[in-house]
Structure formats: C-alpha cells, structure tokens
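Asker: This structure is in structure tokens; I'll ask about it shortly.
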Amino acid sequence: MIKDFIGNTPLRREDFLSKKYGTNILIKEEFYNPGKSSKDRAAWFMVEDAIKRNKIVEGGTFVEASSGNTGISIALIAKELGYRSKIFVSASCSDEKIKLLESYGAEIERCDNSNGLHVFNSTQYLAQAFCSNNPNTYFTNQYYNSNNIKAHYITTGPEIWLQTNTAVTHVLVGVGTGGSISGIGRYLKERNPGIKIWGVEPKNSVYHLFMDNKPIPEEEVRFDAIEGIGRTFIPGAFDKQVVDHIFQIGKDKSEAIAHQYLEECGDLLGFSSAAVLATLDENIERMNLKETDQVVLFFPDHGTRYINKLYQDFYPQPKVKENYNASI
C-alpha cells in the first residue's frame with residue numbers, strides 16, 4: 001500500500017553548506033516521498049481519517065485547495081485507493097505541478113487567489129462551495145484540518161529526533177498552512193524545549209504579525225510570490241506556541257540562492273526550500289550558531305517542479321543529480 005512508502009525520508013548532512021556556515025547543516029529530503037513532496041504525509045492522514053469516519057464512500061471525490069503539492073498528494077492517494085479528486089489551485093501554480101495533477105487524473109480548477117474561506121474567488125472558498133453542492137465529496141481542507149499537524153507530529157518530528165540521535169538543535173521550516181512546522185515543533189519541543197523552531201515566510205506575509213500579537217490587515221495583503229509558503233490569513237493548522245521565530249525572506253534572494261546552490265552543489269532547490277536556505281544565508285550572523293549545533297533545513301520538494309519558474313535562464317537545462325533521478 002502507498003502508505004508504506006510515505007515518510008522515513010533521508011536526513012542528509014550537507015558538507016559544503018556545513019563548512020560554509022560553520023555548523024552542521026542537515027537537509028530533510030522530503031522529495032523521496034511517493035508524490036515527491038512532504039505533503040504526502042498530511043494528505044494520507046487526512047484521506048485515511050475521512051474514510052475511517054465514513055465521510056466519503058468509494059468512488060467519491062476528494063477536494064482540496066492547494067498551491068500544487070498537497071493537491072498532487074491528494075490526487076495520487078485518491079487514485080490509488082479508488083477515489084477521484086478535484087483540486088482548486090491558485091493562479092500561480094507551476095506548470096510542472098499542473099501536469100502532475102493531470103497525470104494522476106485530477107480535475108483542476110484555477111482560481112484567482114488562495115486568500116482564505118472569506119474571499120469568494122479563493123481556492124478555499126470555491127473548494128468548500130463545491131463540496132456543499134455535490135454529494136459524496138470531501139474537502140480535506142489542509143488549512144484547518146488537525147490531521148495536517150498530526151501527520152508531522154506522528155511521523156516527521158520523530159524521524160528528525162531519531163535521525164539526529166536526539167541531537168537536533170534548530171529546525172528551519174517554510175510556513176504555508178502551518179501544519180509542518182506545528183507538528184514538527186510540537187514533537188521536538190516535548191523532547192527538548194530548548195530546540196529552536198524557526199519559520200520562514202515571504203516578505204509581507206502575515207505570520208510574523210501573528211507571532212508578535214499584532215493585528216492582521218483587513219485589506220488584501222500581497223506578499224512575495226514564493227510558491228508554497230506565505231499567507232494573508234492565519235490558518236487553524238498553525239500553532240504559534242511551538243514556534244520560536246518567523247523570519248521573512250524576499251523572492252529575489254530566494255531565486256538567487258537557488259541558482260547559487262545549483263552552481264555550488266549541483267542540485268535543484270524547490271522554491272520554498274530555496275527560501276529556507278536563503279533565510280539561513282541572510283541571517284547567519286544573528287542566529288549565533290555554534291560548530292556543534294545540528295541545524296535541520298526542511299526541504300519539502302525538489303526543484304524539478306519549478307524549472308520554468310526558477311531555472312528557465314539556465315541553458316542547457318541543468319542536470320538533476322543522478323541519485324535523485326534514480327529515486328523517481
């Protein structure tokens with residue numbers, strides 16, 4: 001069953017980055033999941049929960065609002081289990097993700113934005129409206145589904161803890177729905193409250209305001225377009241109690257780091273992975289990392305999903321590492 005192949009992804013020490021930043025840099029490589037992203041974890045927990053609670057019967061349609069990766073995971077798992085899928089994607093969803101959704105048989109609907117249930121033309125609003133008007137459908141609703149957090153509390157957090165031999169000191173995670181950082185943070189903080197859980201969001205996203213107990217702007221916020229992270233509202237899947245700090249990073253810096261990493265390490269970073277590394281690079285002095293620290297960078301997917309967005313200026317097209325090719 002596909003469940004047996006989700007999780008237990010590698011945690012790899014990146015020697016070049018460790019030397020560059022003077023500490024131990026470990027990369028959690030989530031693109032080794034079946035759907036090639038960390039979203040397989042939450043998707044499985046949400047789908048399994050719906051089926052167990054008889055919220056949907058075989059042949060029904062799973063519905064999600066997604067920037068791409070969660071939709072891909074839902075579509076893949078639904079197909080494997082004998083269900084259909086309908087994914088409401090934001091206009092910024094990459095061409096590579098659209099093609100993958102189509103390959104898994106998903107019905108796709110493009111929407112103007114992903115600004116929350118209160119915005120009538122958003123992915124979330126339209127996904128919920130579709131389920132309200134169609135029988136045998138289920139909106140997994142990653143933004144407010146507690147299984148999003150649970151998946152990372154049950155799987156990702158323990159993996160990081162064991163793979164570092166309980167020595168992890170810092171984790172950097174891009175924040176989109178908030179499920180990954182919240183589940184990882186809850187688990188690791190229970191084991192060692194001193195572990196630093198740091199989030200990464202684009203410039204002008206609103207998580208940092210929420211962390212500082214500042215009001216969220218009522219008018220529409222336009223944050224830097226880094227696919228997969230950033231919000232104009234605070235989802236229910238975000239637990240601020242287990243997050244120590246939210247860093248903001250720019251799109252241009254993230255793109256530059258992606259290109260630099262390709263030249264230095266010969267691999268393709270996904271967009272939010274690039275944002276995580278860019279945050280480390282931009283804030284390395286203020287982070288006060290020690291040589292003995294164990295710093296985990298959470299890389300949720302691979303750069304092959306962003307060729308046209310991040311690497312279109314590289315000619316010939318950059319080669320992907322052979323070990324990644326072998327895994328897919």
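Labeling convention for the structure tokens: chains A, B, ... as they appear, residues from 1 per chain, ligands from 1 in order of appearance.
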Excluding range 222-225 of chain A and any residue of its chain fewer than 5 positions from it, enumerate the residues within 9 Å of it, using only C-alpha atoms, and give them as a ChimeraX atom specification.
Answerer: /A:92,201-206,230-232,249-252
Asker: How would the residues just chosen look if you wrote them out with N, CA and C atoms as a PDB file, in the first residue's frame?
Answerer:
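As written to disk, selection-v3.pdb reads:
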```pdb
ATOM      1  N   SER A  92      -0.999  31.003  -9.504  1.00  0.00           N
ATOM      2  CA  SER A  92       0.464  30.950  -9.547  1.00  0.00           C
ATOM      3  C   SER A  92       1.018  29.531  -9.595  1.00  0.00           C
ATOM      4  N   GLU A 201       8.797  32.753   5.993  1.00  0.00           N
ATOM      5  CA  GLU A 201       7.694  33.216   5.157  1.00  0.00           C
ATOM      6  C   GLU A 201       8.193  34.306   4.226  1.00  0.00           C
ATOM      7  N   PRO A 202       7.474  34.572   3.120  1.00  0.00           N
ATOM      8  CA  PRO A 202       7.884  35.640   2.204  1.00  0.00           C
ATOM      9  C   PRO A 202       7.652  37.017   2.821  1.00  0.00           C
ATOM     10  N   LYS A 203       8.325  38.007   2.290  1.00  0.00           N
ATOM     11  CA  LYS A 203       8.083  39.387   2.706  1.00  0.00           C
ATOM     12  C   LYS A 203       6.615  39.746   2.518  1.00  0.00           C
ATOM     13  N   ASN A 204       6.061  40.411   3.528  1.00  0.00           N
ATOM     14  CA  ASN A 204       4.682  40.902   3.547  1.00  0.00           C
ATOM     15  C   ASN A 204       3.646  39.825   3.844  1.00  0.00           C
ATOM     16  N   SER A 205       4.077  38.589   4.099  1.00  0.00           N
ATOM     17  CA  SER A 205       3.163  37.589   4.637  1.00  0.00           C
ATOM     18  C   SER A 205       2.852  37.956   6.093  1.00  0.00           C
ATOM     19  N   VAL A 206       1.821  37.340   6.687  1.00  0.00           N
ATOM     20  CA  VAL A 206       1.302  37.863   7.955  1.00  0.00           C
ATOM     21  C   VAL A 206       1.636  37.037   9.199  1.00  0.00           C
ATOM     22  N   GLY A 230       3.718  31.373   2.784  1.00  0.00           N
ATOM     23  CA  GLY A 230       3.128  32.699   2.907  1.00  0.00           C
ATOM     24  C   GLY A 230       1.617  32.650   2.966  1.00  0.00           C
ATOM     25  N   ARG A 231       1.026  33.597   3.722  1.00  0.00           N
ATOM     26  CA  ARG A 231      -0.425  33.649   3.859  1.00  0.00           C
ATOM     27  C   ARG A 231      -0.872  35.085   4.070  1.00  0.00           C
ATOM     28  N   THR A 232      -2.158  35.311   3.744  1.00  0.00           N
ATOM     29  CA  THR A 232      -2.801  36.585   4.049  1.00  0.00           C
ATOM     30  C   THR A 232      -3.713  36.451   5.267  1.00  0.00           C
ATOM     31  N   ILE A 249      11.714  36.501   4.134  1.00  0.00           N
ATOM     32  CA  ILE A 249      12.731  36.457   3.084  1.00  0.00           C
ATOM     33  C   ILE A 249      12.120  36.916   1.764  1.00  0.00           C
ATOM     34  N   GLY A 250      12.932  37.527   0.919  1.00  0.00           N
ATOM     35  CA  GLY A 250      12.452  38.043  -0.354  1.00  0.00           C
ATOM     36  C   GLY A 250      12.508  37.022  -1.472  1.00  0.00           C
ATOM     37  N   LYS A 251      11.671  37.210  -2.455  1.00  0.00           N
ATOM     38  CA  LYS A 251      11.645  36.327  -3.624  1.00  0.00           C
ATOM     39  C   LYS A 251      12.972  36.387  -4.379  1.00  0.00           C
ATOM     40  N   ASP A 252      13.501  37.593  -4.578  1.00  0.00           N
ATOM     41  CA  ASP A 252      14.747  37.746  -5.344  1.00  0.00           C
ATOM     42  C   ASP A 252      15.900  37.021  -4.662  1.00  0.00           C
TER      43      ASP A 252
END
```
Asker: Using only C-alpha atoms, which protein or nucleic acid residues come within 10 Å of Glu264 in chain A? Drop anything in the same chain fewer than 4 positions from it, and give the result as a VMD selection string.
Answerer: chain A and resid 16 to 17 258 to 260
Asker: Kindly export the residues of the current selection with N, CA, C and O atoms, as a compact mmCIF listing (two decimals), in the first residue's frame.
Answerer:
```
# COMPACT_ATOMS: atom_id res chain seq x y z
N PHE A 16 29.15 20.78 2.10
CA PHE A 16 29.52 22.09 1.57
C PHE A 16 28.90 23.20 2.41
O PHE A 16 29.58 24.16 2.81
N LEU A 17 27.61 23.09 2.70
CA LEU A 17 26.93 24.13 3.48
C LEU A 17 27.42 24.13 4.93
O LEU A 17 27.53 25.19 5.56
N ALA A 258 18.82 29.82 -5.02
CA ALA A 258 18.56 28.60 -5.79
C ALA A 258 19.60 28.44 -6.89
O ALA A 258 20.13 27.34 -7.11
N HIS A 259 19.91 29.53 -7.58
CA HIS A 259 20.91 29.48 -8.65
C HIS A 259 22.31 29.22 -8.09
O HIS A 259 23.10 28.45 -8.65
N GLN A 260 22.60 29.86 -6.96
CA GLN A 260 23.91 29.67 -6.33
C GLN A 260 24.09 28.23 -5.86
O GLN A 260 25.16 27.63 -6.03
```
Asker: May I have the residues within 10 Å of range 70-73 of chain A as a PyMOL selection string, using only C-alpha atoms and disregarding those fewer than 2 positions away in the same chain?
Answerer: chain A and resi 33-44+62-68+75-79+85-89+97-106+108+140+142+228
Asker: Which residues are near Phe233 in chain A? Cut-off 10 Å, only C-alpha atoms, ignore same chain within fewer than 5 positions. Put them as an mmCIF file with N, CA, C and O atoms, in the first residue's frame.
Answerer:
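What landed in around14.cif:
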```cif
data_model
loop_
_atom_site.group_PDB
_atom_site.id
_atom_site.type_symbol
_atom_site.label_atom_id
_atom_site.label_comp_id
_atom_site.auth_asym_id
_atom_site.auth_seq_id
_atom_site.Cartn_x
_atom_site.Cartn_y
_atom_site.Cartn_z
ATOM 1 N N SER A 114 -5.502 32.395 -3.147
ATOM 2 C CA SER A 114 -5.718 31.429 -2.051
ATOM 3 C C SER A 114 -5.772 32.195 -0.730
ATOM 4 O O SER A 114 -5.088 31.866 0.229
ATOM 5 N N ASN A 115 -6.619 33.210 -0.698
ATOM 6 C CA ASN A 115 -6.656 34.147 0.426
ATOM 7 C C ASN A 115 -7.634 33.786 1.536
ATOM 8 O O ASN A 115 -7.913 34.596 2.407
ATOM 9 N N GLY A 116 -8.173 32.573 1.513
ATOM 10 C CA GLY A 116 -8.982 32.131 2.645
ATOM 11 C C GLY A 116 -10.455 31.951 2.339
ATOM 12 O O GLY A 116 -10.962 32.388 1.308
ATOM 13 N N LEU A 117 -11.146 31.303 3.284
ATOM 14 C CA LEU A 117 -12.551 30.958 3.101
ATOM 15 C C LEU A 117 -13.455 32.172 2.984
ATOM 16 O O LEU A 117 -14.561 32.078 2.448
ATOM 17 N N HIS A 118 -13.016 33.322 3.469
ATOM 18 C CA HIS A 118 -13.857 34.511 3.452
ATOM 19 C C HIS A 118 -13.792 35.264 2.121
ATOM 20 O O HIS A 118 -14.542 36.214 1.923
ATOM 21 N N THR A 177 0.609 26.366 5.178
ATOM 22 C CA THR A 177 -0.567 26.105 6.007
ATOM 23 C C THR A 177 -0.219 26.153 7.489
ATOM 24 O O THR A 177 -1.092 26.353 8.333
ATOM 25 N N SER A 205 4.077 38.589 4.099
ATOM 26 C CA SER A 205 3.163 37.589 4.637
ATOM 27 C C SER A 205 2.852 37.956 6.093
ATOM 28 O O SER A 205 3.531 38.798 6.681
ATOM 29 N N VAL A 206 1.821 37.340 6.687
ATOM 30 C CA VAL A 206 1.302 37.863 7.955
ATOM 31 C C VAL A 206 1.636 37.037 9.199
ATOM 32 O O VAL A 206 1.255 37.403 10.307
ATOM 33 N N TYR A 207 2.346 35.928 9.053
ATOM 34 C CA TYR A 207 2.627 35.104 10.232
ATOM 35 C C TYR A 207 3.422 35.857 11.293
ATOM 36 O O TYR A 207 3.190 35.697 12.501
ATOM 37 N N PHE A 210 1.211 37.844 13.537
ATOM 38 C CA PHE A 210 0.503 36.985 14.484
ATOM 39 C C PHE A 210 1.421 36.576 15.631
ATOM 40 O O PHE A 210 1.002 36.560 16.798
ATOM 41 N N ILE A 216 -3.882 41.518 12.063
ATOM 42 C CA ILE A 216 -3.729 41.137 10.661
ATOM 43 C C ILE A 216 -4.475 42.161 9.819
ATOM 44 O O ILE A 216 -5.646 42.474 10.102
ATOM 45 N N PRO A 217 -3.848 42.742 8.802
ATOM 46 C CA PRO A 217 -4.527 43.766 7.980
ATOM 47 C C PRO A 217 -5.831 43.238 7.371
ATOM 48 O O PRO A 217 -5.899 42.090 6.932
ATOM 49 N N GLU A 218 -6.858 44.061 7.396
ATOM 50 C CA GLU A 218 -8.142 43.674 6.809
ATOM 51 C C GLU A 218 -8.099 43.749 5.292
ATOM 52 O O GLU A 218 -8.772 42.978 4.610
ATOM 53 N N GLU A 220 -6.474 43.341 1.506
ATOM 54 C CA GLU A 220 -5.703 42.250 0.904
ATOM 55 C C GLU A 220 -4.207 42.548 0.965
ATOM 56 O O GLU A 220 -3.755 43.632 0.613
ATOM 57 N N VAL A 221 -3.464 41.578 1.444
ATOM 58 C CA VAL A 221 -2.016 41.699 1.537
ATOM 59 C C VAL A 221 -1.379 40.991 0.351
ATOM 60 O O VAL A 221 -1.760 39.876 0.003
#
```
Asker: Show which residues sit within 10 Å of range 275-279 of chain A, as an MDAnalysis selection string. Count only C-alpha atoms, and ignore same-chain residues fewer than 4 positions away.
Answerer: chainID A and resid 17 172:175 198:202 226:227 229 247:258 261 269:271 283:284 297:299
Asker: So that I have them on file, write out the residues from the current selection with N, CA and C atoms, as a short mmCIF file (atom, residue, chain, number, x, y, z; two decimals), in the first residue's frame.
Answerer:
```
data_model
loop_
_atom_site.label_atom_id
_atom_site.label_comp_id
_atom_site.auth_asym_id
_atom_site.auth_seq_id
_atom_site.Cartn_x
_atom_site.Cartn_y
_atom_site.Cartn_z
N LEU A 17 27.61 23.09 2.70
CA LEU A 17 26.93 24.13 3.48
C LEU A 17 27.42 24.13 4.93
N LEU A 172 14.60 24.75 10.54
CA LEU A 172 14.06 25.84 9.72
C LEU A 172 13.03 25.25 8.76
N VAL A 173 11.82 25.79 8.79
CA VAL A 173 10.71 25.26 8.00
C VAL A 173 9.97 26.40 7.32
N GLY A 174 9.70 26.25 6.04
CA GLY A 174 8.84 27.21 5.35
C GLY A 174 7.41 27.06 5.85
N VAL A 175 6.70 28.20 6.00
CA VAL A 175 5.36 28.18 6.58
C VAL A 175 4.33 28.55 5.52
N TRP A 198 12.21 27.50 13.88
CA TRP A 198 12.15 28.76 13.15
C TRP A 198 11.37 28.59 11.85
N GLY A 199 10.45 29.51 11.62
CA GLY A 199 9.66 29.50 10.40
C GLY A 199 10.20 30.49 9.38
N VAL A 200 9.84 30.25 8.13
CA VAL A 200 10.25 31.11 7.02
C VAL A 200 9.01 31.47 6.21
N GLU A 201 8.80 32.75 5.99
CA GLU A 201 7.69 33.22 5.16
C GLU A 201 8.19 34.31 4.23
N PRO A 202 7.47 34.57 3.12
CA PRO A 202 7.88 35.64 2.20
C PRO A 202 7.65 37.02 2.82
N ILE A 226 6.49 33.40 -3.42
CA ILE A 226 7.33 32.21 -3.26
C ILE A 226 6.37 31.04 -3.10
N GLU A 227 6.28 30.23 -4.12
CA GLU A 227 5.23 29.21 -4.18
C GLU A 227 5.34 28.23 -3.02
N ILE A 229 4.62 28.88 0.30
CA ILE A 229 4.67 29.48 1.63
C ILE A 229 4.07 30.89 1.59
N PHE A 247 11.04 34.19 10.33
CA PHE A 247 11.88 35.05 9.51
C PHE A 247 11.13 35.36 8.20
N GLN A 248 11.39 36.55 7.67
CA GLN A 248 10.87 36.91 6.35
C GLN A 248 12.01 36.93 5.34
N ILE A 249 11.71 36.50 4.13
CA ILE A 249 12.73 36.46 3.08
C ILE A 249 12.12 36.92 1.76
N GLY A 250 12.93 37.53 0.92
CA GLY A 250 12.45 38.04 -0.35
C GLY A 250 12.51 37.02 -1.47
N LYS A 251 11.67 37.21 -2.46
CA LYS A 251 11.65 36.33 -3.62
C LYS A 251 12.97 36.39 -4.38
N ASP A 252 13.50 37.59 -4.58
CA ASP A 252 14.75 37.75 -5.34
C ASP A 252 15.90 37.02 -4.66
N LYS A 253 15.99 37.15 -3.35
CA LYS A 253 17.05 36.47 -2.60
C LYS A 253 16.89 34.95 -2.71
N SER A 254 15.67 34.48 -2.66
CA SER A 254 15.42 33.04 -2.76
C SER A 254 15.80 32.51 -4.13
N GLU A 255 15.46 33.26 -5.17
CA GLU A 255 15.83 32.84 -6.52
C GLU A 255 17.35 32.83 -6.68
N ALA A 256 18.01 33.84 -6.15
CA ALA A 256 19.47 33.93 -6.26
C ALA A 256 20.14 32.75 -5.55
N ILE A 257 19.62 32.39 -4.38
CA ILE A 257 20.19 31.27 -3.63
C ILE A 257 19.97 29.95 -4.38
N ALA A 258 18.82 29.82 -5.02
CA ALA A 258 18.56 28.60 -5.79
C ALA A 258 19.60 28.44 -6.89
N TYR A 261 23.05 27.66 -5.28
CA TYR A 261 23.11 26.28 -4.80
C TYR A 261 23.32 25.31 -5.96
N LEU A 269 16.97 23.25 -6.08
CA LEU A 269 16.13 23.50 -4.92
C LEU A 269 14.71 23.83 -5.36
N GLY A 270 13.73 23.31 -4.62
CA GLY A 270 12.37 23.79 -4.77
C GLY A 270 12.27 25.22 -4.29
N PHE A 271 11.17 25.89 -4.62
CA PHE A 271 11.07 27.33 -4.32
C PHE A 271 11.11 27.61 -2.82
N ASN A 283 20.58 35.48 7.53
CA ASN A 283 20.51 35.73 8.97
C ASN A 283 21.55 34.96 9.77
N ILE A 284 22.56 34.45 9.09
CA ILE A 284 23.52 33.57 9.76
C ILE A 284 24.20 34.24 10.95
N LEU A 297 17.41 21.74 7.88
CA LEU A 297 16.67 22.52 6.89
C LEU A 297 15.62 21.60 6.28
N PHE A 298 14.38 21.99 6.39
CA PHE A 298 13.27 21.17 5.88
C PHE A 298 13.02 21.54 4.42
N PHE A 299 13.39 20.63 3.51
CA PHE A 299 13.20 20.84 2.07
C PHE A 299 12.00 20.02 1.61
#
```
Asker: Mind listing the helix (DSSP H, G or I) residues of range 102-279 of chain A, per DSSP on the backbone, as a ChimeraX atom specification?
Answerer: /A:102-103,123-132,146-163,179-191,207-211,240-242,251-265,271-279
Asker: Do you have the CA of Val171 in chain A-CA of Leu11 in chain A distance handy?
Answerer: 12.1 Å
Asker: For range 149-161 of chain A, please output as a list in words all residues within 7 Å (counting only C-alpha atoms; exclusion window: fewer than 5 positions along the same chain).
Answerer: Gly7, Asn8, Arg41, Ala42, Phe45, Thr166, Val168, Gly179, Ser180, Ser182, Gly183, Ile184, Arg186, Tyr187, Leu188 and Ala237 of chain A
Asker: For Cys111 in chain A, please output as a list in words all residues within 8 Å (counting only C-alpha atoms; exclusion window: fewer than 4 positions along the same chain).
Answerer: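 Skipping anything fewer than 4 positions along the chain leaves Phe88, Val89, Ser90, Ala91, Asn121, Ser122 and Thr123 of chain A.
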Asker: Rank nothing, just name the residue among A:Thr164, A:Asn192, A:Ser132, A:Asn308 nearest to Ile25 in chain A, using only C-alpha atoms.
Answerer: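 Distance minimum relative to Ile25 in chain A lands on A:Thr164.
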Asker: Go ahead and compute the interatomic distance for CA of Asp267 in chain A and CA of Leu162 in chain A, in Å to one decimal.
Answerer: 26.0 Å
